[in-house]
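Report on the following structure.
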Amino acid sequence: MNNPAPSHRAGPSAEEVRAWEATRARIERGLEQHFPGIVAGYGEYTGNWFAFDRRGPMLTAATPEQLAEQIRRARQPHPPVPYQAHPSANHQQGRQW
């Protein structure tokens, strides 16, 4: 008895691939224009969106919207850390200037 080969889906059509590539390129350009200085992309292997930013670390997210939010948060200015002298700086406590 001959076993038939397992049926495999042929995969996306050429038209579907072209449509996805155009959509992906449009999203990448939109992110790059909205956030100057980043390089945006989509990882075919991971299925995640990513952005390289000269100002910080590589960011990844499941959707372009989540990636945009991560970029916004990463670019928010951080409040300055108040200066606190090291306790050993007070070794001459009785000194008056």
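Residue numbering restarts at 1 in every chain; chains get A, B, ... in the order shown in the structure tokens, and ligands count up from 1 in that same order.
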
### Task
From a DSSP pass on the backbone, collect the residues of region 2-94 of chain A flagged as helix (DSSP H, G or I) and hand them back as an NGL selection string.
:A and (14-34 or 64-75 or 87-90)

Based on the selection just made, write N, CA and C atoms of those residues as an mmCIF file, in the first residue's frame.
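Printed below is result.cif as written:
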data_model
loop_
_atom_site.group_PDB
_atom_site.id
_atom_site.type_symbol
_atom_site.label_atom_id
_atom_site.label_comp_id
_atom_site.auth_asym_id
_atom_site.auth_seq_id
_atom_site.Cartn_x
_atom_site.Cartn_y
_atom_site.Cartn_z
ATOM 1 N N ALA A 14 2.083 35.070 -4.581
ATOM 2 C CA ALA A 14 3.008 36.163 -4.898
ATOM 3 C C ALA A 14 2.347 37.510 -4.611
ATOM 4 N N GLU A 15 1.065 37.607 -4.878
ATOM 5 C CA GLU A 15 0.333 38.855 -4.612
ATOM 6 C C GLU A 15 0.280 39.151 -3.117
ATOM 7 N N GLU A 16 0.047 38.117 -2.292
ATOM 8 C CA GLU A 16 0.024 38.307 -0.839
ATOM 9 C C GLU A 16 1.399 38.728 -0.316
ATOM 10 N N VAL A 17 2.446 38.138 -0.863
ATOM 11 C CA VAL A 17 3.804 38.489 -0.444
ATOM 12 C C VAL A 17 4.100 39.944 -0.800
ATOM 13 N N ARG A 18 3.755 40.358 -2.016
ATOM 14 C CA ARG A 18 3.988 41.753 -2.429
ATOM 15 C C ARG A 18 3.209 42.722 -1.548
ATOM 16 N N ALA A 19 1.964 42.367 -1.223
ATOM 17 C CA ALA A 19 1.147 43.242 -0.375
ATOM 18 C C ALA A 19 1.761 43.358 1.024
ATOM 19 N N TRP A 20 2.224 42.243 1.590
ATOM 20 C CA TRP A 20 2.846 42.281 2.917
ATOM 21 C C TRP A 20 4.132 43.102 2.885
ATOM 22 N N GLU A 21 4.962 42.914 1.866
ATOM 23 C CA GLU A 21 6.213 43.661 1.767
ATOM 24 C C GLU A 21 5.957 45.158 1.648
ATOM 25 N N ALA A 22 4.925 45.538 0.893
ATOM 26 C CA ALA A 22 4.589 46.955 0.757
ATOM 27 C C ALA A 22 4.087 47.519 2.086
ATOM 28 N N THR A 23 3.265 46.766 2.790
ATOM 29 C CA THR A 23 2.746 47.204 4.086
ATOM 30 C C THR A 23 3.886 47.341 5.086
ATOM 31 N N ARG A 24 4.741 46.348 5.130
ATOM 32 C CA ARG A 24 5.877 46.380 6.059
ATOM 33 C C ARG A 24 6.772 47.579 5.777
ATOM 34 N N ALA A 25 7.083 47.834 4.515
ATOM 35 C CA ALA A 25 7.936 48.970 4.149
ATOM 36 C C ALA A 25 7.269 50.294 4.530
ATOM 37 N N ARG A 26 5.958 50.390 4.333
ATOM 38 C CA ARG A 26 5.225 51.614 4.682
ATOM 39 C C ARG A 26 5.274 51.865 6.194
ATOM 40 N N ILE A 27 5.097 50.814 6.985
ATOM 41 C CA ILE A 27 5.150 50.944 8.444
ATOM 42 C C ILE A 27 6.554 51.338 8.889
ATOM 43 N N GLU A 28 7.575 50.701 8.324
ATOM 44 C CA GLU A 28 8.962 51.030 8.680
ATOM 45 C C GLU A 28 9.280 52.486 8.364
ATOM 46 N N ARG A 29 8.892 52.938 7.162
ATOM 47 C CA ARG A 29 9.124 54.347 6.786
ATOM 48 C C ARG A 29 8.387 55.297 7.716
ATOM 49 N N GLY A 30 7.155 54.947 8.070
ATOM 50 C CA GLY A 30 6.368 55.789 8.961
ATOM 51 C C GLY A 30 7.026 55.936 10.326
ATOM 52 N N LEU A 31 7.513 54.831 10.885
ATOM 53 C CA LEU A 31 8.200 54.900 12.174
ATOM 54 C C LEU A 31 9.472 55.730 12.066
ATOM 55 N N GLU A 32 10.236 55.528 11.002
ATOM 56 C CA GLU A 32 11.499 56.254 10.820
ATOM 57 C C GLU A 32 11.265 57.749 10.615
ATOM 58 N N GLN A 33 10.171 58.118 9.960
ATOM 59 C CA GLN A 33 9.869 59.536 9.760
ATOM 60 C C GLN A 33 9.349 60.167 11.052
ATOM 61 N N HIS A 34 8.562 59.417 11.800
ATOM 62 C CA HIS A 34 7.993 59.939 13.043
ATOM 63 C C HIS A 34 9.051 60.060 14.143
ATOM 64 N N PRO A 64 3.616 47.393 15.661
ATOM 65 C CA PRO A 64 4.205 48.715 15.425
ATOM 66 C C PRO A 64 3.746 49.736 16.468
ATOM 67 N N GLU A 65 2.505 49.629 16.918
ATOM 68 C CA GLU A 65 1.992 50.565 17.919
ATOM 69 C C GLU A 65 2.738 50.411 19.244
ATOM 70 N N GLN A 66 2.986 49.181 19.643
ATOM 71 C CA GLN A 66 3.738 48.936 20.881
ATOM 72 C C GLN A 66 5.183 49.426 20.732
ATOM 73 N N LEU A 67 5.749 49.249 19.554
ATOM 74 C CA LEU A 67 7.114 49.717 19.315
ATOM 75 C C LEU A 67 7.171 51.237 19.403
ATOM 76 N N ALA A 68 6.207 51.921 18.818
ATOM 77 C CA ALA A 68 6.172 53.388 18.884
ATOM 78 C C ALA A 68 6.092 53.856 20.330
ATOM 79 N N GLU A 69 5.289 53.179 21.143
ATOM 80 C CA GLU A 69 5.180 53.553 22.560
ATOM 81 C C GLU A 69 6.505 53.333 23.284
ATOM 82 N N GLN A 70 7.187 52.255 22.981
ATOM 83 C CA GLN A 70 8.491 52.015 23.602
ATOM 84 C C GLN A 70 9.500 53.089 23.205
ATOM 85 N N ILE A 71 9.481 53.502 21.948
ATOM 86 C CA ILE A 71 10.400 54.550 21.492
ATOM 87 C C ILE A 71 10.089 55.854 22.225
ATOM 88 N N ARG A 72 8.783 56.192 22.337
ATOM 89 C CA ARG A 72 8.396 57.412 23.055
ATOM 90 C C ARG A 72 8.896 57.376 24.498
ATOM 91 N N ARG A 73 8.679 56.253 25.178
ATOM 92 C CA ARG A 73 9.136 56.140 26.570
ATOM 93 C C ARG A 73 10.662 56.232 26.660
ATOM 94 N N ALA A 74 11.363 55.605 25.742
ATOM 95 C CA ALA A 74 12.826 55.624 25.782
ATOM 96 C C ALA A 74 13.377 57.020 25.527
ATOM 97 N N ARG A 75 12.629 57.837 24.786
ATOM 98 C CA ARG A 75 13.104 59.180 24.457
ATOM 99 C C ARG A 75 12.660 60.249 25.447
ATOM 100 N N PRO A 87 28.876 60.410 52.326
ATOM 101 C CA PRO A 87 28.993 60.663 53.769
ATOM 102 C C PRO A 87 30.428 60.958 54.228
ATOM 103 N N SER A 88 31.396 60.399 53.560
ATOM 104 C CA SER A 88 32.784 60.647 53.976
ATOM 105 C C SER A 88 33.214 62.079 53.689
ATOM 106 N N ALA A 89 32.436 62.821 52.899
ATOM 107 C CA ALA A 89 32.779 64.212 52.602
ATOM 108 C C ALA A 89 32.564 65.103 53.816
ATOM 109 N N ASN A 90 31.844 64.623 54.788
ATOM 110 C CA ASN A 90 31.566 65.410 55.997
ATOM 111 C C ASN A 90 32.560 65.118 57.112
#

### Members of region 2-95 of chain A assigned strand (DSSP E or B) by DSSP, as number ranges by chain
A: 38-42, 49-53, 59-61

The selected residues should be written to file as a PDB file, in the first residue's frame (atoms: C-alpha atoms).
ATOM      1  CA  ILE A  38      15.865  55.251  14.296  1.00  0.00           C
ATOM      2  CA  VAL A  39      16.088  52.343  11.895  1.00  0.00           C
ATOM      3  CA  ALA A  40      12.925  50.249  12.051  1.00  0.00           C
ATOM      4  CA  GLY A  41      12.309  46.757  10.756  1.00  0.00           C
ATOM      5  CA  TYR A  42      10.401  43.528  11.066  1.00  0.00           C
ATOM      6  CA  TRP A  49       9.076  44.707  15.118  1.00  0.00           C
ATOM      7  CA  PHE A  50      12.354  46.317  16.138  1.00  0.00           C
ATOM      8  CA  ALA A  51      14.049  49.691  16.189  1.00  0.00           C
ATOM      9  CA  PHE A  52      17.690  50.636  16.517  1.00  0.00           C
ATOM     10  CA  ASP A  53      18.041  54.063  18.045  1.00  0.00           C
ATOM     11  CA  LEU A  59      13.808  47.998  21.150  1.00  0.00           C
ATOM     12  CA  THR A  60      11.421  45.197  20.146  1.00  0.00           C
ATOM     13  CA  ALA A  61       7.653  44.791  20.262  1.00  0.00           C
TER      14      ALA A  61
END

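Our summary of the geometry notes that CA of Pro36 (chain A) is positioned 27.2 Å from CA of Val81 (chain A).
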
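The space between CA of Ala62 (chain A) and CA of Gly43 (chain A) spans 10.2 Å.
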
### Message
Quick check, in Å to one decimal: how far apart do CA of Ser13 (chain A) and CA of Thr63 (chain A) lie?
### Response
23.5 Å
